[in-house]
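Data block for coords35.txt (compact mmCIF, C-alpha atoms and all ligand atoms):
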```txt
# COMPACT_ATOMS: atom_id res chain seq x y z
CA MET A 1 -81.57 37.37 10.36
CA HIS A 2 -85.11 36.14 11.07
CA GLY A 3 -85.96 32.60 12.08
CA LEU A 4 -88.35 30.55 9.98
CA GLU A 5 -91.97 30.53 11.11
CA ARG A 6 -93.57 28.55 8.29
CA LEU A 7 -92.70 25.97 5.62
CA CYS A 8 -94.85 26.59 2.53
CA ILE A 9 -95.40 23.64 0.20
CA HIS A 10 -96.36 24.99 -3.21
CA ASN A 11 -99.06 22.86 -4.82
CA SER A 12 -96.87 22.29 -7.92
CA VAL A 13 -95.03 19.56 -5.96
CA ASP A 14 -97.98 17.40 -6.99
CA GLU A 15 -96.26 17.04 -10.39
CA LYS A 16 -93.86 14.58 -8.72
CA ILE A 17 -95.22 13.46 -5.34
CA PRO A 18 -98.58 13.24 -3.57
CA VAL A 19 -98.97 16.54 -1.70
CA GLU A 20 -100.76 15.07 1.33
CA ALA A 21 -98.08 12.43 1.93
CA PHE A 22 -95.37 15.06 1.49
CA ILE A 23 -96.99 17.34 4.10
CA GLU A 24 -97.36 14.38 6.48
CA ALA A 25 -93.64 13.72 6.15
CA PHE A 26 -93.10 17.04 8.01
CA ASP A 27 -95.24 16.02 11.03
CA ASP A 28 -92.18 16.15 13.28
CA LEU A 29 -91.05 19.61 12.13
CA ASP A 30 -91.17 22.31 14.82
CA ILE A 31 -92.64 24.96 12.48
CA PRO A 32 -96.04 24.62 10.75
CA THR A 33 -96.25 23.30 7.18
CA GLU A 34 -98.83 24.90 4.88
CA LEU A 35 -100.03 23.98 1.41
CA VAL A 36 -100.00 27.13 -0.74
CA GLY A 37 -101.12 28.05 -4.27
CA ASP A 38 -100.25 30.74 -6.79
CA ASP A 39 -102.03 33.53 -4.85
CA GLU A 40 -99.79 33.24 -1.77
CA THR A 41 -97.52 36.05 -0.57
CA TYR A 42 -94.24 35.45 1.29
CA ASP A 43 -91.94 37.23 3.73
CA GLU A 44 -88.56 36.66 5.37
CA THR A 45 -89.98 34.15 7.87
CA ASP A 46 -91.17 31.74 5.15
CA ALA A 47 -89.40 28.81 3.56
CA VAL A 48 -90.88 27.47 0.31
CA ALA A 49 -90.60 24.02 -1.29
CA SER A 50 -91.75 23.91 -4.92
CA PHE A 51 -91.55 22.03 -8.20
CA THR A 52 -92.05 25.09 -10.43
CA PRO A 53 -90.51 28.56 -10.12
CA ARG A 54 -92.67 31.62 -9.22
CA SER A 55 -91.33 35.18 -9.04
CA GLU A 56 -93.03 35.83 -5.66
CA PHE A 57 -90.79 33.17 -4.06
CA LEU A 58 -88.05 35.82 -4.15
CA ASP A 59 -89.78 37.48 -1.15
CA ALA A 60 -89.26 34.36 1.01
CA ALA A 61 -86.32 33.54 3.30
CA TRP A 62 -85.22 30.43 1.41
CA VAL A 63 -86.56 28.38 -1.52
CA HIS A 64 -86.11 24.66 -2.09
CA VAL A 65 -86.53 23.05 -5.52
CA ILE A 66 -87.89 19.56 -4.92
CA ARG A 67 -86.02 18.27 -8.02
CA ALA A 68 -82.30 17.77 -8.62
CA GLY A 69 -82.48 19.79 -11.86
CA TYR A 70 -83.09 23.47 -11.14
CA ASP A 71 -82.54 24.72 -14.70
CA GLU A 72 -86.02 26.35 -14.75
CA PHE A 73 -85.14 28.56 -11.75
CA ASP A 74 -83.41 31.91 -12.37
CA THR A 75 -80.34 31.52 -10.13
CA ASP A 76 -79.15 35.08 -10.96
CA ALA A 77 -82.42 36.51 -9.60
CA TYR A 78 -81.99 34.51 -6.36
CA GLU A 79 -78.43 35.74 -5.99
CA ALA A 80 -79.49 39.35 -6.67
CA ALA A 81 -82.29 39.06 -4.08
CA ASP A 82 -79.93 37.30 -1.63
CA VAL A 83 -82.45 34.46 -1.20
CA PRO A 84 -80.78 31.04 -0.94
CA LEU A 85 -81.98 28.43 -3.43
CA THR A 86 -81.41 24.72 -2.68
CA ASN A 87 -82.18 21.56 -4.66
CA SER A 88 -82.75 17.86 -4.02
CA THR A 89 -79.55 16.40 -5.37
CA GLY A 90 -77.99 13.56 -3.38
CA ILE A 91 -81.08 11.33 -3.23
CA HIS A 92 -81.34 9.85 -6.73
CA GLY A 93 -78.36 7.48 -6.79
CA ALA A 94 -80.42 4.33 -6.15
CA THR A 95 -83.58 5.31 -8.02
CA VAL A 96 -82.01 6.55 -11.24
CA GLY A 97 -79.15 4.03 -10.90
CA GLU A 98 -81.62 1.15 -10.83
CA ILE A 99 -83.70 2.31 -13.79
CA SER A 100 -80.51 2.83 -15.81
CA VAL A 101 -79.35 -0.71 -15.10
CA GLY A 102 -82.87 -1.86 -15.97
CA TYR A 103 -82.62 -0.19 -19.38
CA MET A 104 -79.23 -1.80 -20.05
CA LEU A 105 -80.46 -5.26 -19.05
CA SER A 106 -83.48 -4.89 -21.30
CA LEU A 107 -81.56 -3.53 -24.28
CA SER A 108 -79.03 -6.34 -23.99
CA ARG A 109 -81.41 -9.24 -23.21
CA LEU A 110 -84.44 -7.94 -25.15
CA LEU A 111 -87.06 -7.76 -22.37
CA HIS A 112 -88.64 -4.78 -24.15
CA LEU A 113 -89.02 -6.76 -27.39
CA TYR A 114 -90.35 -9.90 -25.68
CA ARG A 115 -92.98 -7.77 -23.93
CA ASP A 116 -93.93 -6.14 -27.25
CA TYR A 117 -94.40 -9.56 -28.87
CA GLN A 118 -96.27 -10.85 -25.82
CA ASN A 119 -98.97 -8.28 -26.61
CA THR A 120 -99.76 -10.22 -29.79
CA HIS A 121 -99.12 -13.70 -28.26
CA ASP A 122 -96.15 -14.04 -30.57
CA TRP A 123 -93.38 -16.60 -29.74
CA TYR A 124 -90.65 -14.26 -30.95
CA THR A 125 -87.17 -15.51 -31.82
CA PRO A 126 -84.49 -12.83 -32.17
CA THR A 127 -81.54 -13.27 -34.49
CA TYR A 128 -78.82 -15.40 -32.81
CA ASP A 129 -76.30 -12.59 -32.50
CA ARG A 130 -78.65 -9.88 -31.15
CA PRO A 131 -78.78 -10.69 -27.37
CA PHE A 132 -75.63 -10.08 -25.32
CA THR A 133 -74.60 -9.91 -21.67
CA ILE A 134 -73.76 -6.53 -20.17
CA ALA A 135 -70.95 -8.16 -18.15
CA GLY A 136 -67.69 -7.19 -19.83
CA GLU A 137 -69.30 -4.43 -21.91
CA ARG A 138 -68.10 -0.85 -21.55
CA LEU A 139 -70.36 1.82 -20.09
CA CYS A 140 -69.39 5.50 -20.29
CA VAL A 141 -71.13 7.64 -17.68
CA VAL A 142 -71.08 11.34 -18.56
CA GLY A 143 -71.21 13.25 -15.26
CA LEU A 144 -70.19 11.54 -12.02
CA GLY A 145 -72.34 13.24 -9.40
CA THR A 146 -75.13 11.51 -7.48
CA LEU A 147 -76.79 9.98 -10.53
CA GLY A 148 -73.57 9.11 -12.31
CA GLU A 149 -72.03 7.40 -9.28
CA GLY A 150 -75.29 5.54 -8.64
CA ILE A 151 -75.26 4.19 -12.19
CA ALA A 152 -71.50 3.43 -12.14
CA ARG A 153 -71.63 1.45 -8.87
CA ARG A 154 -74.48 -0.73 -10.03
CA ALA A 155 -73.00 -1.32 -13.49
CA ASP A 156 -69.64 -2.24 -11.92
CA ALA A 157 -71.40 -4.74 -9.62
CA LEU A 158 -72.80 -6.44 -12.73
CA GLY A 159 -69.33 -6.82 -14.21
CA MET A 160 -69.35 -3.92 -16.67
CA ASP A 161 -66.25 -1.94 -17.54
CA VAL A 162 -67.21 1.54 -16.39
CA VAL A 163 -65.49 4.71 -17.59
CA GLY A 164 -66.67 8.26 -16.98
CA VAL A 165 -66.49 11.91 -18.01
CA ARG A 166 -65.80 14.35 -15.21
CA ARG A 167 -64.41 17.86 -14.84
CA SER A 168 -61.97 16.74 -12.12
CA ASP A 169 -59.66 13.74 -12.57
CA GLU A 170 -60.06 12.59 -8.96
CA PRO A 171 -60.75 8.83 -8.94
CA VAL A 172 -64.35 7.68 -8.45
CA PRO A 173 -65.16 4.22 -7.02
CA SER A 174 -66.25 1.70 -9.69
CA VAL A 175 -64.92 3.87 -12.54
CA SER A 176 -61.79 2.52 -14.26
CA ALA A 177 -60.90 5.63 -16.29
CA ILE A 178 -61.90 9.30 -16.14
CA TYR A 179 -61.94 11.56 -19.21
CA ASP A 180 -62.05 15.35 -19.24
CA PRO A 181 -65.20 16.81 -20.91
CA ALA A 182 -62.91 18.12 -23.68
CA ASN A 183 -62.15 14.45 -24.52
CA LEU A 184 -65.79 13.35 -24.69
CA HIS A 185 -65.33 11.67 -28.08
CA GLU A 186 -62.43 9.58 -26.79
CA ALA A 187 -64.58 8.55 -23.82
CA ILE A 188 -67.58 7.38 -25.86
CA VAL A 189 -65.90 5.88 -28.93
CA ASP A 190 -65.51 2.38 -27.44
CA ALA A 191 -68.57 2.30 -25.19
CA ARG A 192 -71.48 -0.07 -25.74
CA PHE A 193 -73.64 2.17 -23.54
CA VAL A 194 -73.34 5.94 -23.00
CA ALA A 195 -75.34 7.22 -20.01
CA LEU A 196 -75.92 10.95 -19.52
CA ALA A 197 -75.98 12.13 -15.89
CA ILE A 198 -75.11 15.84 -16.13
CA PRO A 199 -77.24 18.92 -15.46
CA HIS A 200 -78.74 20.93 -18.29
CA THR A 201 -76.63 24.09 -18.55
CA PRO A 202 -75.57 26.28 -21.49
CA ALA A 203 -72.39 24.13 -21.66
CA THR A 204 -74.27 20.82 -21.83
CA GLU A 205 -77.10 21.82 -24.20
CA ASN A 206 -76.98 19.63 -27.33
CA LEU A 207 -73.79 18.02 -25.99
CA ILE A 208 -74.82 14.87 -27.81
CA SER A 209 -75.46 15.75 -31.44
CA THR A 210 -74.59 14.36 -34.89
CA ALA A 211 -70.79 14.30 -34.35
CA GLU A 212 -71.06 12.46 -31.00
CA LEU A 213 -73.62 9.97 -32.33
CA GLU A 214 -71.34 9.29 -35.30
CA THR A 215 -68.43 8.79 -32.91
CA MET A 216 -70.35 6.15 -30.96
CA ARG A 217 -70.20 2.49 -32.05
CA ASP A 218 -72.96 1.41 -34.40
CA ASP A 219 -73.98 -1.24 -31.85
CA ALA A 220 -74.07 1.29 -28.99
CA TYR A 221 -77.04 2.51 -26.95
CA LEU A 222 -77.63 6.00 -25.56
CA ILE A 223 -79.25 6.40 -22.14
CA ASN A 224 -80.58 9.82 -21.16
CA VAL A 225 -81.78 10.09 -17.56
CA ALA A 226 -80.57 13.69 -17.17
CA ARG A 227 -82.44 16.34 -19.19
CA GLY A 228 -83.85 16.32 -22.73
CA PRO A 229 -82.03 19.37 -24.15
CA ILE A 230 -78.63 17.71 -23.50
CA VAL A 231 -79.37 15.60 -26.60
CA ASP A 232 -80.13 17.07 -30.02
CA GLU A 233 -83.32 15.05 -30.48
CA ASP A 234 -83.56 15.50 -34.28
CA ALA A 235 -79.97 14.26 -34.62
CA LEU A 236 -80.82 11.29 -32.37
CA VAL A 237 -83.85 10.34 -34.46
CA THR A 238 -81.73 10.53 -37.61
CA ALA A 239 -78.99 8.39 -36.02
CA LEU A 240 -81.49 5.77 -34.87
CA LYS A 241 -83.24 5.62 -38.26
CA SER A 242 -79.97 5.27 -40.16
CA GLY A 243 -78.41 2.72 -37.79
CA THR A 244 -75.63 5.10 -36.71
CA ILE A 245 -76.31 3.79 -33.20
CA ALA A 246 -78.34 0.71 -32.23
CA GLY A 247 -80.90 2.13 -29.81
CA ALA A 248 -81.67 4.30 -26.82
CA ALA A 249 -83.39 4.45 -23.45
CA LEU A 250 -84.86 7.87 -22.76
CA ASP A 251 -86.48 9.19 -19.60
CA VAL A 252 -86.29 12.87 -20.57
CA PHE A 253 -87.07 14.79 -23.74
CA GLU A 254 -86.76 18.23 -25.37
CA THR A 255 -90.55 18.58 -24.94
CA GLU A 256 -92.37 16.77 -22.15
CA PRO A 257 -94.71 14.99 -22.39
CA LEU A 258 -93.08 13.62 -25.55
CA PRO A 259 -95.36 14.80 -28.41
CA GLU A 260 -97.55 12.07 -29.86
CA LYS A 261 -96.10 12.67 -33.34
CA SER A 262 -92.50 11.95 -32.25
CA SER A 263 -91.05 9.04 -34.23
CA LEU A 264 -89.20 7.89 -31.07
CA TRP A 265 -92.45 6.29 -29.84
CA ASP A 266 -92.48 3.72 -32.65
CA MET A 267 -88.88 2.54 -32.65
CA ASP A 268 -88.39 -1.09 -31.54
CA GLU A 269 -84.98 -0.40 -30.00
CA VAL A 270 -86.00 2.72 -28.08
CA ILE A 271 -87.33 2.43 -24.54
CA ILE A 272 -89.31 5.44 -23.40
CA SER A 273 -90.15 6.12 -19.77
CA PRO A 274 -92.23 9.23 -18.97
CA HIS A 275 -89.66 11.10 -16.81
CA LYS A 276 -90.04 8.52 -14.06
CA GLY A 277 -86.36 7.86 -13.33
CA SER A 278 -86.78 8.90 -9.73
CA ALA A 279 -90.38 7.75 -9.19
CA THR A 280 -90.68 5.37 -6.24
CA ASN A 281 -93.13 5.08 -3.35
CA ARG A 282 -90.72 6.78 -0.94
CA TYR A 283 -89.68 9.75 -3.05
CA HIS A 284 -91.66 12.19 -0.87
CA ARG A 285 -89.78 11.00 2.24
CA ASP A 286 -86.37 11.32 0.59
CA ILE A 287 -87.12 14.91 -0.49
CA ALA A 288 -88.61 15.79 2.91
CA ALA A 289 -85.44 14.58 4.65
CA VAL A 290 -83.36 17.09 2.64
CA VAL A 291 -85.81 19.92 3.42
CA LYS A 292 -85.96 19.04 7.14
CA GLU A 293 -82.21 19.01 7.43
CA ASN A 294 -82.09 22.47 5.84
CA VAL A 295 -84.83 23.86 8.12
CA GLN A 296 -82.70 22.78 11.04
CA ARG A 297 -79.56 24.29 9.43
CA PHE A 298 -81.38 27.55 8.62
CA GLN A 299 -82.66 27.89 12.19
CA SER A 300 -79.19 27.35 13.62
CA GLU A 301 -77.62 29.68 11.00
CA GLU A 302 -75.49 26.93 9.45
CA ASP A 303 -74.74 26.71 5.70
CA LEU A 304 -77.62 25.12 3.80
CA LYS A 305 -77.08 21.74 2.14
CA ASN A 306 -77.34 21.59 -1.70
CA ARG A 307 -77.23 25.35 -2.07
CA VAL A 308 -77.23 26.23 -5.79
CA ALA A 309 -77.66 30.03 -5.52
P1 LIG B 401 -75.14 16.30 -9.11
O1 LIG B 401 -74.99 17.77 -8.96
O2 LIG B 401 -74.95 15.41 -7.95
O3 LIG B 401 -74.16 15.77 -10.27
C1 LIG B 401 -73.98 16.40 -11.51
C2 LIG B 401 -72.52 16.20 -11.91
O4 LIG B 401 -72.33 16.61 -13.26
C3 LIG B 401 -71.56 17.03 -11.04
O5 LIG B 401 -70.53 16.17 -10.57
C4 LIG B 401 -71.02 18.07 -12.01
O6 LIG B 401 -69.70 18.46 -11.70
C5 LIG B 401 -71.07 17.28 -13.31
N1 LIG B 401 -71.02 18.09 -14.52
C6 LIG B 401 -71.63 19.26 -14.80
N2 LIG B 401 -71.33 19.65 -16.05
C7 LIG B 401 -70.53 18.69 -16.58
C8 LIG B 401 -69.92 18.51 -17.83
N3 LIG B 401 -70.04 19.42 -18.81
N4 LIG B 401 -69.19 17.38 -18.03
C9 LIG B 401 -69.03 16.47 -17.05
N5 LIG B 401 -69.58 16.61 -15.83
C10 LIG B 401 -70.32 17.69 -15.62
O7 LIG B 401 -76.60 16.11 -9.74
P2 LIG B 401 -77.41 14.73 -9.86
O8 LIG B 401 -78.31 14.57 -8.69
O9 LIG B 401 -76.47 13.65 -10.22
O10 LIG B 401 -78.36 15.06 -11.10
C11 LIG B 401 -77.80 15.37 -12.37
C12 LIG B 401 -78.91 15.84 -13.29
O11 LIG B 401 -79.76 14.75 -13.59
C13 LIG B 401 -79.80 16.90 -12.64
O12 LIG B 401 -79.31 18.20 -12.89
C14 LIG B 401 -81.14 16.65 -13.28
O13 LIG B 401 -81.31 17.49 -14.40
C15 LIG B 401 -81.10 15.20 -13.73
N6 LIG B 401 -81.98 14.31 -12.92
C16 LIG B 401 -82.94 13.59 -13.56
C17 LIG B 401 -83.77 12.75 -12.83
C18 LIG B 401 -84.86 11.94 -13.50
O14 LIG B 401 -85.90 11.72 -12.92
N7 LIG B 401 -84.64 11.45 -14.70
C19 LIG B 401 -83.62 12.66 -11.43
C20 LIG B 401 -82.61 13.38 -10.81
C21 LIG B 401 -81.77 14.20 -11.58
```

Final structure tokens representation of the file:
Amino acid sequence: MHGLERLCIHNSVDEKIPVEAFIEAFDDLDIPTELVGDDETYDETDAVASFTPRSEFLDAAWVHVIRAGYDEFDTDAYEAADVPLTNSTGIHGATVGEISVGYMLSLSRLLHLYRDYQNTHDWYTPTYDRPFTIAGERLCVVGLGTLGEGIARRADALGMDVVGVRRSDEPVPSVSAIYDPANLHEAIVDARFVALAIPHTPATENLISTAELETMRDDAYLINVARGPIVDEDALVTALKSGTIAGAALDVFETEPLPEKSSLWDMDEVIISPHKGSATNRYHRDIAAVVKENVQRFQSEEDLKNRVA
């Protein structure tokens, strides 16, 4: 096995983090860091960190996806080429946890509506029974990995009754009951909020569709901070228009950016954030820490952290 001689930062990382700051975060690395574009070639002494997949990465020694979701990368091709692929899971518990709690606080206490009415200097008075406290309300978190646990811990601290859907029934701190994915309907039927925190895989595509939305309470809210295709978006629009559920907070969509013609934009009880669940001013440092740890592991021939292929 060869040692690494170079860490290549593909310029697509700029989709999520400022490239210059990201490169600076590797100042203390003992191999050089280079910004590369689409015309670069790689060999077995190169590591690559990228946002988007490129087929030429398969010539490198190891490839790191700077995101937690790696659904756009062909894991079979990496396995066939015997090139390890790693991702950035493990760092989004606080960032995505906080934005999820923010959505719930807004949907319950109407911050999004007050801000809308503020735009027209309108002293808005909601109906008496519309605002509620999230304390005591049930949240169902689907997927209890980094994101799911981050959401569950924060919701529990605010007094919510947190249940979750998980493939193993091992207890998770802050979660009062765990349901098997086969019992998804049972898990969501009583929840005031359902938060999705699972990867996009063939098994999770369109997991939330008409039947699940009809199972949810009519005063429930759907939160999707995971990936757009996990929700059947047409079914969601129909459910929101017909009052099958009360509202939603969406960070991710089937098509991103969300097309201008989408009716989700104009719904009072839908909060849209432009895939910014993990966006904070220290995101580049959090990702760099995962990459640096793996450079060190690669050089000392230890197993890589967050290996997904
Ligand atoms: P993770 O690997 O730590 O956790 C995912 C969990 O989901 C795992 O525990 C896994 O066992 C579980 N899971 C998979 N399929 C399941 C199923 N069918 N039912 C129940 N559980 C299932 O990953 P993470 O860091 O928590 O991220 C999860 C996903 O969230 C990522 O794949 C990514 O697509 C998305 N994400 C979005 C943002 C954002 O900015 N909005 C940020 C980070 C991650």

**Q.** Residue neighbourhood A:Thr133, 9 Å, only C-alpha atoms, exclusion window fewer than 5 positions, as an MDAnalysis selection string
**A.** chainID A and resid 105 108:109

Q. Ligand LIG 401 (chain B): which residues are within 7 Å, counting all atoms listed in the file, as a ChimeraX atom specification?
A. /A:67-70,89-92,96,142-148,165-167,181,197-200,203-204,225-227,251-252,275-278

Q.
Would you compute the distance between atom CA of A:Val231 and atom CA of A:Lys261? Give it in Å to one decimal.
A. 18.3 Å

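If you measure from each of A:Ala288, A:Ala49, A:Ile9, A:Leu196 to A:Thr33 using only C-alpha atoms, the closest one turns out to be A:Ile9.
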
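Compared by their closest atoms to A:Thr280, and using only C-alpha atoms, the residues A:Pro18, A:Gly247, A:Pro131, A:Gly3 rank with A:Pro18 nearest.
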
Q: Pick out the closest residue to A:Asp218 from this set: A:Leu240, A:Ile245, A:Glu205, A:Asp74. Count only C-alpha atoms.
A: A:Ile245

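Taking only C-alpha atoms into account, those protein, DNA and RNA residues with any atom at most 6 Å away from (-89.1, 7.8, -22.3) amount to Leu250, Asp251, Ile272, Ser273 and Pro274 of chain A.
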
Q: Skip stretch 42-44 of chain A itself and residues of its chain fewer than 4 positions away, then list as a ChimeraX atom specification all residues within 12 Å of it, counting only C-alpha atoms.
A: /A:1-10,36-38,48,54-63,81-84

Q. Taking all atoms listed in the file into account, which of A:Val194, A:Leu158, A:Val163, A:Met267 comes nearest A:Leu113?
A.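 The answer is A:Met267, which sits nearest to A:Leu113.
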